[in-house]
Structure formats: structure tokens, C-alpha cells
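Here's the structure, in C-alpha cells; my notes come after.
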Amino acid sequence: MSERNVETDLSLFVPPEHAQAILAQSADVTVLLSEVFRVERVFCAWDFDTPRIGQWTGELFSDCVAPDSQTKLQYLFWKNSATSDSEARWRHLNLCVDGKPDLPLLLKYFSLEDEHGVTRLLCARDLRPLLGIQKRFQREVDFLGNEKSKLEQKLRFLQ
């Protein structure tokens, strides 16, 4: 069995001027953070349908996170996804829009250092479509469970 040759330095093959286009197409939301984790800018994919997240600008990122997800922040920022030896994982957090915790996102943290300083950013994927599928699946499971109970009752009656 042969080993696969896997590259780790994408910058050798992708010019820096294309990195923004790649990032814009691979994340639904990208959040640029200051050194104290204050939201400096929010970038959205063209088809992302929650334009009100721009209200996060100027806020501490932790203030944008729903109470039920606050404990996950330490795990999100614990590992830097930009390092090749990183064990950083995607983290599901619920974020607040208009004061309501109604935006589930899958996030990954990157801390990128160069001669100009450190750039901190979060790349996020919108989980709302997945949660919709999960809810439909759960309704079907519940329905089938009810149907099974009805059939078991009929079978007991016939015995």
C-alpha cells in the first residue's frame, strides 16, 4: 500500500490575491476579530440570507454568542486551525441576531501571523439547512414510532 503525497503549504500553489475568493466561496460567514476578540468586520457569502449580522461589528465576539453556547468559546479559541499540526475542530455555536439566539453556525478559528501582525478570523458554515433536515427526520422517526405502537396494540388484541 503506497502513501499518499499530501501538501500542507497551499500558499506555494495559490496566489495570495486568490485567497479572498476562495475564502468567500468556502464560508457562509467570515468574521474578522481584533486582538481582544472584538468583531471588526463581518463578510457573508452572496447567498447568505441573514444580513443583520453586520450588527456584530464593534461587539466583543462573546457578546454575540447565545448563552447556551458560551461554554464552547474556550474550545473554539483553544486551538489555532492555521497551524498544520493543529487538532482544531469545527465547533457548533448558536449566535444571536437581533438579540435572539437563532443562528446556528459551525465555526473554526484561525490566527494568522505575518510581518504586519496577527489576523484573527472565524470561518463559519450555516447549520440552519441541516437543522431543518434533522427536524424532518425526527418527525418521521416519531411518526414511525407511533405507527409501530399502534400495530403492536392491534397485534396484542388479535392474539
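Within each chain, counting starts at residue 1; across the C-alpha cells, chains are named A, B, ... in the order shown, with ligands numbered 1 upward in that order.
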Extract, using only C-alpha atoms, all DNA, RNA and protein residues at most 10 Å from Leu103 of chain A, discarding same-chain residues fewer than 6 positions from it, and format them as a short mmCIF file (atom, residue, chain, number, x, y, z; two decimals) with C-alpha atoms, in the first residue's frame.
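File selection_35.cif, as written:
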data_model
loop_
_atom_site.label_atom_id
_atom_site.label_comp_id
_atom_site.auth_asym_id
_atom_site.auth_seq_id
_atom_site.Cartn_x
_atom_site.Cartn_y
_atom_site.Cartn_z
CA THR A 50 -29.18 36.85 7.37
CA ILE A 53 -25.30 40.01 11.36
CA VAL A 65 -22.80 34.17 21.25
CA ALA A 66 -26.01 32.77 22.73
CA LEU A 93 -22.27 27.64 18.39
CA ASN A 94 -25.57 29.47 18.40
CA LEU A 95 -25.14 33.16 17.73
CA CYS A 96 -27.56 35.99 18.41
CA VAL A 97 -29.18 38.11 15.75
CA ASP A 126 -24.70 27.98 8.31
CA LEU A 127 -26.30 24.99 10.04
CA ARG A 128 -29.93 26.04 9.53
#
Expected answer as a PyMOL selection string: strand (DSSP E or B) residues in segment 17-157 of chain A = chain A and resi 29-33+38-44+60+65+91-97+100-114+117-126
Every residue of segment 28-150 of chain A that DSSP places in helix (DSSP H, G or I), as number ranges by chain | A: 51-56, 61-64, 67-78, 128-150
Minimum-distance residue to Ala27 of chain A, chosen among A:Thr83, A:Cys123, A:Trp56, A:Asp102 (using only C-alpha atoms) =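 For Ala27 of chain A, the nearest of the given residues is A:Cys123.
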Just the residues within 12 Å of Leu112 of chain A, please, counting only C-alpha atoms, with nothing from its chain fewer than 2 positions along; format it as a PyMOL selection string.
-> chain A and resi 32-33+35+80-84+109-110+114-122
Identify, on the basis of only C-alpha atoms, every residue whose closest approach to Ala124 of chain A does not exceed 7 Å; exclude the query and any residue fewer than 5 positions from it along the same chain; express the result as a ChimeraX atom specification.
-> /A:27-30,105-108
What does the distance from atom CA of Gly54 of chain A to atom CA of Pro104 of chain A come to in Å, to one decimal?
->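 Distance between the two atoms: 16.0 Å.
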Among listed residues A:Leu60, A:Val36, A:Cys44, A:Leu76, nearest Arg125 of chain A (using only C-alpha atoms) | A:Cys44
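Comparing the minimum interatomic distances between Val42 of chain A and each of A:Asp142, A:Thr57, A:Lys100, A:Leu155, counting only C-alpha atoms, we find that A:Thr57 sits nearest.
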